[in-house]
>>> print(open('target_16.cif').read())   # mmCIF, C-alpha atoms
data_data
loop_
_atom_site.label_atom_id
_atom_site.label_comp_id
_atom_site.auth_asym_id
_atom_site.auth_seq_id
_atom_site.Cartn_x
_atom_site.Cartn_y
_atom_site.Cartn_z
CA MET F 1 56.80 -26.32 32.17
CA ASN F 2 57.41 -23.18 30.18
CA PRO F 3 55.15 -20.32 31.39
CA ALA F 4 54.39 -19.38 27.80
CA ASP F 5 53.13 -22.90 27.14
CA VAL F 6 50.99 -22.74 30.25
CA ALA F 7 49.46 -19.44 29.14
CA GLN F 8 48.87 -20.79 25.65
CA SER F 9 47.19 -23.91 26.99
CA THR F 10 44.88 -22.00 29.32
CA LEU F 11 43.90 -19.27 26.88
CA PRO F 12 41.42 -21.35 24.83
CA LEU F 13 39.76 -22.54 28.04
CA ALA F 14 39.11 -18.97 29.11
CA SER F 15 37.52 -18.06 25.79
CA SER F 16 36.01 -21.35 24.65
CA ASP F 17 32.57 -20.80 26.22
CA VAL F 18 30.74 -18.58 23.73
CA SER F 19 27.22 -19.78 24.45
CA LEU F 20 24.49 -17.13 24.61
CA ILE F 21 24.16 -17.37 28.37
CA ALA F 22 27.92 -17.09 28.82
CA LEU F 23 28.05 -14.09 26.49
CA PHE F 24 25.34 -12.40 28.55
CA TRP F 25 27.01 -12.99 31.92
CA GLN F 26 30.42 -11.92 30.63
CA ALA F 27 29.10 -8.68 29.11
CA HIS F 28 29.50 -5.24 30.65
CA TRP F 29 26.69 -4.23 33.02
CA VAL F 30 25.54 -1.51 30.62
CA VAL F 31 25.25 -4.08 27.82
CA LYS F 32 23.38 -6.39 30.20
CA CYS F 33 20.87 -3.63 30.96
CA VAL F 34 20.40 -3.00 27.24
CA MET F 35 19.81 -6.67 26.50
CA LEU F 36 17.41 -7.12 29.44
CA GLY F 37 15.45 -4.06 28.34
CA LEU F 38 15.24 -5.34 24.77
CA LEU F 39 14.16 -8.79 25.93
CA ALA F 40 11.43 -7.18 28.06
CA CYS F 41 10.30 -5.19 25.00
CA SER F 42 10.26 -8.37 22.94
CA VAL F 43 7.99 -10.09 25.48
CA TRP F 44 5.75 -7.00 25.52
CA VAL F 45 5.57 -7.02 21.72
CA TRP F 46 4.48 -10.66 21.60
CA ALA F 47 1.91 -10.09 24.36
CA ILE F 48 0.40 -7.19 22.41
CA ALA F 49 0.50 -9.19 19.17
CA ILE F 50 -1.35 -12.17 20.68
CA ASP F 51 -3.95 -9.86 22.24
CA LYS F 52 -4.50 -8.03 18.94
CA ILE F 53 -4.82 -11.24 16.93
CA PHE F 54 -7.68 -12.41 19.15
CA LEU F 55 -9.20 -8.91 19.31
CA TYR F 56 -9.33 -8.48 15.53
CA ALA F 57 -10.71 -11.99 15.09
CA ARG F 58 -13.49 -11.25 17.59
CA THR F 59 -14.24 -7.95 15.87
CA ARG F 60 -14.52 -9.59 12.44
CA ARG F 61 -16.88 -12.24 13.80
CA SER F 62 -18.94 -9.56 15.54
CA MET F 63 -19.26 -7.60 12.29
CA ASP F 64 -20.26 -10.74 10.40
CA ARG F 65 -22.96 -11.61 12.94
CA PHE F 66 -24.32 -8.07 12.97
CA GLU F 67 -24.45 -7.77 9.20
CA GLN F 68 -26.20 -11.12 8.97
CA ALA F 69 -28.82 -9.97 11.50
CA PHE F 70 -29.15 -6.51 9.95
CA TRP F 71 -29.72 -7.72 6.39
CA SER F 72 -31.85 -10.71 7.38
CA GLY F 73 -35.04 -8.67 7.24
CA GLU F 74 -35.44 -8.31 10.98
CA SER F 75 -36.98 -5.04 12.13
CA ILE F 76 -34.35 -2.45 12.97
CA GLU F 77 -36.44 -1.46 16.01
CA GLU F 78 -36.24 -5.02 17.34
CA LEU F 79 -32.55 -5.20 16.53
CA TYR F 80 -32.01 -1.91 18.33
CA ARG F 81 -33.82 -3.13 21.46
CA THR F 82 -31.72 -6.28 21.47
CA LEU F 83 -28.38 -4.51 21.06
CA SER F 84 -29.04 -1.46 23.25
CA ALA F 85 -29.60 -3.70 26.29
CA LYS F 86 -25.93 -4.78 26.36
CA PRO F 87 -22.56 -3.13 25.70
CA THR F 88 -21.70 -3.14 22.03
CA HIS F 89 -18.60 -2.56 19.96
CA SER F 90 -17.70 -2.16 16.34
CA MET F 91 -20.54 -2.06 13.82
CA ALA F 92 -23.26 -2.72 16.40
CA ALA F 93 -22.11 0.29 18.42
CA CYS F 94 -22.34 2.48 15.33
CA PHE F 95 -25.86 1.21 14.66
CA VAL F 96 -26.99 1.75 18.27
CA ALA F 97 -25.59 5.29 18.32
CA ALA F 98 -27.43 6.20 15.12
CA MET F 99 -30.71 4.64 16.28
CA ARG F 100 -30.47 6.36 19.66
CA GLU F 101 -30.19 9.75 17.97
CA TRP F 102 -33.01 8.79 15.60
CA LYS F 103 -35.35 7.84 18.44
CA ARG F 104 -34.50 10.94 20.47
CA SER F 105 -35.52 13.15 17.57
CA PHE F 106 -38.80 11.33 16.94
CA GLU F 107 -39.74 10.88 20.58
CA SER F 108 -39.18 14.52 21.52
CA GLN F 109 -42.19 16.81 21.64
CA SER F 110 -40.82 19.11 18.97
CA ARG F 111 -40.14 16.17 16.60
CA SER F 112 -37.30 18.13 15.07
CA PHE F 113 -36.19 16.81 11.69
CA ALA F 114 -33.97 19.77 10.92
CA GLY F 115 -30.37 18.64 10.87
CA LEU F 116 -31.32 15.07 11.88
CA GLN F 117 -29.35 13.57 9.00
CA ALA F 118 -26.25 15.55 9.97
CA ARG F 119 -26.61 14.57 13.63
CA ILE F 120 -26.94 10.89 12.78
CA GLU F 121 -23.85 11.02 10.57
CA LYS F 122 -21.99 12.85 13.33
CA VAL F 123 -22.74 10.28 16.03
CA MET F 124 -21.82 7.44 13.69
CA ASN F 125 -18.51 9.13 12.87
CA VAL F 126 -17.80 9.55 16.58
CA SER F 127 -18.63 5.88 17.17
CA ILE F 128 -16.33 4.83 14.33
CA ALA F 129 -13.53 7.02 15.70
CA ARG F 130 -13.87 5.40 19.13
CA GLU F 131 -13.82 1.94 17.61
CA VAL F 132 -10.70 2.73 15.56
CA GLU F 133 -9.04 4.12 18.68
CA ARG F 134 -9.86 0.87 20.51
CA LEU F 135 -8.39 -1.19 17.69
CA GLU F 136 -5.25 0.97 17.46
CA ARG F 137 -4.54 0.95 21.19
CA ARG F 138 -0.91 0.00 21.99
CA LEU F 139 0.08 -0.18 18.32
CA LEU F 140 2.39 2.77 19.04
CA VAL F 141 4.41 0.44 21.28
CA LEU F 142 5.04 -1.85 18.31
CA ALA F 143 6.07 1.09 16.13
CA THR F 144 8.42 2.42 18.81
CA VAL F 145 10.10 -0.93 19.45
CA GLY F 146 10.35 -1.61 15.72
CA SER F 147 12.07 1.70 15.00
CA ALA F 148 14.17 2.17 18.15
CA GLY F 149 15.08 -1.47 18.94
CA PRO F 150 17.99 -1.77 16.45
CA PHE F 151 19.49 1.53 17.61
CA VAL F 152 19.26 0.55 21.28
CA GLY F 153 20.96 -2.74 20.41
CA LEU F 154 23.61 -0.84 18.45
CA PHE F 155 24.25 1.33 21.50
CA GLY F 156 24.90 -1.82 23.53
CA THR F 157 27.21 -3.08 20.81
CA VAL F 158 29.23 0.13 20.69
CA TRP F 159 29.53 0.19 24.47
CA GLY F 160 30.61 -3.46 24.52
CA ILE F 161 33.23 -2.93 21.84
CA MET F 162 34.66 0.06 23.69
CA SER F 163 34.91 -2.04 26.85
CA SER F 164 36.60 -4.83 24.87
CA PHE F 165 39.16 -2.44 23.44
CA GLN F 166 39.87 -1.06 26.89
CA SER F 167 40.44 -4.61 28.16
CA ILE F 168 42.72 -5.33 25.20
CA ALA F 169 44.71 -2.18 25.89
CA ALA F 170 45.04 -3.09 29.55
CA SER F 171 46.16 -6.67 28.84
CA LYS F 172 48.31 -5.64 25.84
CA ASN F 173 47.23 -8.84 24.09
CA THR F 174 45.77 -8.59 20.58
CA SER F 175 45.32 -12.32 20.05
CA LEU F 176 42.11 -13.27 18.24
CA ALA F 177 41.26 -15.62 21.09
CA VAL F 178 41.25 -12.61 23.41
CA VAL F 179 39.44 -10.21 21.09
CA ALA F 180 36.72 -12.55 19.79
CA PRO F 181 34.70 -13.11 23.01
CA GLY F 182 34.40 -9.40 23.73
CA ILE F 183 33.31 -8.64 20.17
CA ALA F 184 30.79 -11.51 20.31
CA GLU F 185 29.34 -10.13 23.57
CA ALA F 186 28.95 -6.73 21.96
CA LEU F 187 27.32 -8.04 18.78
CA PHE F 188 24.93 -10.10 20.87
CA ALA F 189 23.26 -6.84 21.91
CA THR F 190 22.57 -5.96 18.27
CA ALA F 191 21.11 -9.43 17.72
CA VAL F 192 18.77 -8.99 20.68
CA GLY F 193 17.73 -5.59 19.32
CA LEU F 194 16.84 -7.16 15.97
CA ILE F 195 14.97 -9.98 17.71
CA ALA F 196 12.77 -7.36 19.35
CA ALA F 197 12.47 -4.99 16.38
CA ILE F 198 11.74 -7.35 13.47
CA PRO F 199 8.56 -8.94 14.91
CA ALA F 200 7.40 -5.54 16.16
CA THR F 201 7.70 -4.03 12.67
CA ILE F 202 5.96 -6.99 11.02
CA PHE F 203 3.10 -6.97 13.53
CA TYR F 204 2.71 -3.19 13.30
CA ASN F 205 2.36 -3.25 9.52
CA LYS F 206 -0.04 -6.22 9.64
CA PHE F 207 -2.22 -4.73 12.38
CA THR F 208 -2.30 -1.28 10.79
CA SER F 209 -3.57 -2.85 7.58
CA GLU F 210 -6.19 -4.79 9.56
CA VAL F 211 -7.38 -1.65 11.35
CA ASN F 212 -7.72 0.15 8.01
CA ARG F 213 -9.80 -2.70 6.56
CA GLN F 214 -12.12 -2.76 9.54
CA ALA F 215 -12.43 1.04 9.55
CA GLN F 216 -13.39 0.98 5.86
CA ARG F 217 -15.96 -1.70 6.60
CA LEU F 218 -17.45 0.44 9.37
CA GLU F 219 -17.54 3.51 7.15
CA GLY F 220 -19.25 1.54 4.40
CA PHE F 221 -21.98 0.38 6.76
CA ALA F 222 -22.38 3.90 8.12
CA ASP F 223 -22.92 5.23 4.59
CA GLU F 224 -25.48 2.54 3.80
CA PHE F 225 -27.38 2.98 7.06
CA SER F 226 -27.30 6.76 6.70
CA ALA F 227 -28.90 6.41 3.26
CA ILE F 228 -31.63 4.17 4.70
CA LEU F 229 -32.43 6.64 7.46
CA SER F 230 -32.30 9.55 5.01
CA ARG F 231 -35.05 7.97 2.92
CA GLN F 232 -37.21 7.48 6.02
CA ILE F 233 -36.63 11.09 7.07
CA ASP F 234 -37.78 12.27 3.65
CA GLU F 235 -40.88 10.07 3.86
CA ARG F 236 -41.83 11.29 7.33
CA GLY F 237 -40.86 14.88 6.70
#
>>> encode(input="target_16.cif", output="structure tokens")
Amino acid sequence: MNPADVAQSTLPLASSDVSLIALFWQAHWVVKCVMLGLLACSVWVWAIAIDKIFLYARTRRSMDRFEQAFWSGESIEELYRTLSAKPTHSMAACFVAAMREWKRSFESQSRSFAGLQARIEKVMNVSIAREVERLERRLLVLATVGSAGPFVGLFGTVWGIMSSFQSIAASKNTSLAVVAPGIAEALFATAVGLIAAIPATIFYNKFTSEVNRQAQRLEGFADEFSAILSRQIDERG
């Protein structure tokens, strides 16, 4: 048999397997490291996203329950005793912080009312800031993966293409059947980068909007409760 015919018949077999797993195993080790890192980031992104979805749902339900109890006509003293006995978050934590400062001022011997309104607003602002920080935790990871993921994938692609061209130069064969697998391996890195970056960007934008809504809700309650306490300070002063 003619050697050229033998080479032609074996060439498609060497390049016919272009499945994703085959592309990964045939890629350069640098490209493999890039793809493994991006896949790990993708898993991390989804883990954070699932955790945040449940966290924000719990926070919304907690706010709804607290507002229902607060505006139901129950005594704020009784509500404070109930909530201060257990760890609180979100709107309840803001309420407990304000009531704790309120009771400290009235239970002290000096019964100092000077600056009480400012102190109450200050502790509520600190409580809101802590709650927002809790809600925003690990969102920076999503922003980083969303912005850097495509560029990391592009780095793997560039490295893979350079390796492919070096192999082509060494074999001195520019046939499409020889070039295509190497290019596909390189482009696979970009695809993995997009797989990690696109969900991260979507989740980051969604969660940032959710944090802003919950922060505005907390600030609205703080303003209302501050007005209620201000009227009582004026009456007792």
>>> closest_atom_pairs(input="target_16.cif", of="region 139-213 of chain F", to="region 34-57 of chain F", cutoff="12 Å", atoms="all atoms listed in the file", output="Markdown table")
| residue | atom | partner | partner_atom | distance |
| --- | --- | --- | --- | --- |
| F:Leu139 | CA | F:Ile48 | CA | 8.1 |
| F:Leu140 | CA | F:Val45 | CA | 10.6 |
| F:Val141 | CA | F:Val45 | CA | 7.6 |
| F:Leu142 | CA | F:Val45 | CA | 6.2 |
| F:Ala143 | CA | F:Val45 | CA | 9.9 |
| F:Thr144 | CA | F:Cys41 | CA | 10.0 |
| F:Val145 | CA | F:Cys41 | CA | 7.0 |
| F:Gly146 | CA | F:Val45 | CA | 9.4 |
| F:Ala148 | CA | F:Leu38 | CA | 10.1 |
| F:Gly149 | CA | F:Leu38 | CA | 7.0 |
| F:Pro150 | CA | F:Leu38 | CA | 9.5 |
| F:Phe151 | CA | F:Val34 | CA | 10.7 |
| F:Val152 | CA | F:Val34 | CA | 7.0 |
| F:Gly153 | CA | F:Val34 | CA | 6.9 |
| F:Leu154 | CA | F:Val34 | CA | 9.6 |
| F:Phe155 | CA | F:Val34 | CA | 8.2 |
| F:Gly156 | CA | F:Val34 | CA | 6.0 |
| F:Thr157 | CA | F:Val34 | CA | 9.4 |
| F:Val158 | CA | F:Val34 | CA | 11.4 |
| F:Trp159 | CA | F:Val34 | CA | 10.1 |
| F:Gly160 | CA | F:Val34 | CA | 10.6 |
| F:Glu185 | CA | F:Met35 | CA | 10.6 |
| F:Ala186 | CA | F:Met35 | CA | 10.2 |
| F:Leu187 | CA | F:Met35 | CA | 10.9 |
| F:Phe188 | CA | F:Met35 | CA | 8.3 |
| F:Ala189 | CA | F:Met35 | CA | 5.7 |
| F:Thr190 | CA | F:Met35 | CA | 8.7 |
| F:Ala191 | CA | F:Met35 | CA | 9.3 |
| F:Val192 | CA | F:Met35 | CA | 6.4 |
| F:Gly193 | CA | F:Leu38 | CA | 6.0 |
| F:Leu194 | CA | F:Leu38 | CA | 9.1 |
| F:Ile195 | CA | F:Ser42 | CA | 7.2 |
| F:Ala196 | CA | F:Ser42 | CA | 4.5 |
| F:Ala197 | CA | F:Ser42 | CA | 7.7 |
| F:Ile198 | CA | F:Ser42 | CA | 9.6 |
| F:Pro199 | CA | F:Val45 | CA | 7.7 |
| F:Ala200 | CA | F:Val45 | CA | 6.0 |
| F:Thr201 | CA | F:Val45 | CA | 9.8 |
| F:Ile202 | CA | F:Ala49 | CA | 10.1 |
| F:Phe203 | CA | F:Ala49 | CA | 6.6 |
| F:Tyr204 | CA | F:Ala49 | CA | 8.7 |
| F:Asn205 | CA | F:Ala49 | CA | 11.5 |
| F:Lys206 | CA | F:Ala49 | CA | 10.0 |
| F:Phe207 | CA | F:Lys52 | CA | 7.7 |
| F:Thr208 | CA | F:Lys52 | CA | 10.8 |
| F:Ser209 | CA | F:Tyr56 | CA | 11.3 |
| F:Glu210 | CA | F:Tyr56 | CA | 7.7 |
| F:Val211 | CA | F:Tyr56 | CA | 8.2 |
| F:Asn212 | CA | F:Tyr56 | CA | 11.6 |
| F:Arg213 | CA | F:Tyr56 | CA | 10.7 |
>>> atom_distance(input="target_16.cif", atom1="CA of Gln216 (chain F)", atom2="CA of Arg104 (chain F)")
27.5 Å
>>> residues_around(input="target_16.cif", residues="region 59-67 of chain F", least_positions_apart="2", cutoff="8 Å", atoms="all atoms listed in the file", output="PDB file with C-alpha atoms, keeping the file's coordinate frame")
ATOM      1  CA  LEU F  55      -9.200  -8.910  19.310  1.00  0.00           C
ATOM      2  CA  TYR F  56      -9.330  -8.480  15.530  1.00  0.00           C
ATOM      3  CA  ALA F  57     -10.710 -11.990  15.090  1.00  0.00           C
ATOM      4  CA  ALA F  69     -28.820  -9.970  11.500  1.00  0.00           C
ATOM      5  CA  PHE F  70     -29.150  -6.510   9.950  1.00  0.00           C
ATOM      6  CA  TRP F  71     -29.720  -7.720   6.390  1.00  0.00           C
ATOM      7  CA  SER F  90     -17.700  -2.160  16.340  1.00  0.00           C
ATOM      8  CA  MET F  91     -20.540  -2.060  13.820  1.00  0.00           C
ATOM      9  CA  ALA F  92     -23.260  -2.720  16.400  1.00  0.00           C
ATOM     10  CA  GLN F 214     -12.120  -2.760   9.540  1.00  0.00           C
TER      11      GLN F 214
END
>>> closest_atom_pairs(input="target_16.cif", of="region 165-229 of chain F", to="region 122-134 of chain F", cutoff="7 Å", atoms="only C-alpha atoms", output="JSON lines")
{"residue": "F:Val211", "atom": "CA", "partner": "F:Val132", "partner_atom": "CA", "distance": 6.9}
{"residue": "F:Ala215", "atom": "CA", "partner": "F:Val132", "partner_atom": "CA", "distance": 6.5}
{"residue": "F:Leu218", "atom": "CA", "partner": "F:Ile128", "partner_atom": "CA", "distance": 6.7}
{"residue": "F:Ala222", "atom": "CA", "partner": "F:Met124", "partner_atom": "CA", "distance": 6.6}
>>> resolve_selection(input="target_16.cif", expression="the PyMOL selection byres ((chain F and resi 79) around 12)", output="PyMOL selection string")
chain F and resi 66-78+80-86+92-93+95-96+99
>>> atom_distance(input="target_16.cif", atom1="CA of Ala97 (chain F)", atom2="CA of Asp234 (chain F)")
20.3 Å
>>> atom_distance(input="target_16.cif", atom1="CA of Arg231 (chain F)", atom2="CA of Arg217 (chain F)")
21.7 Å
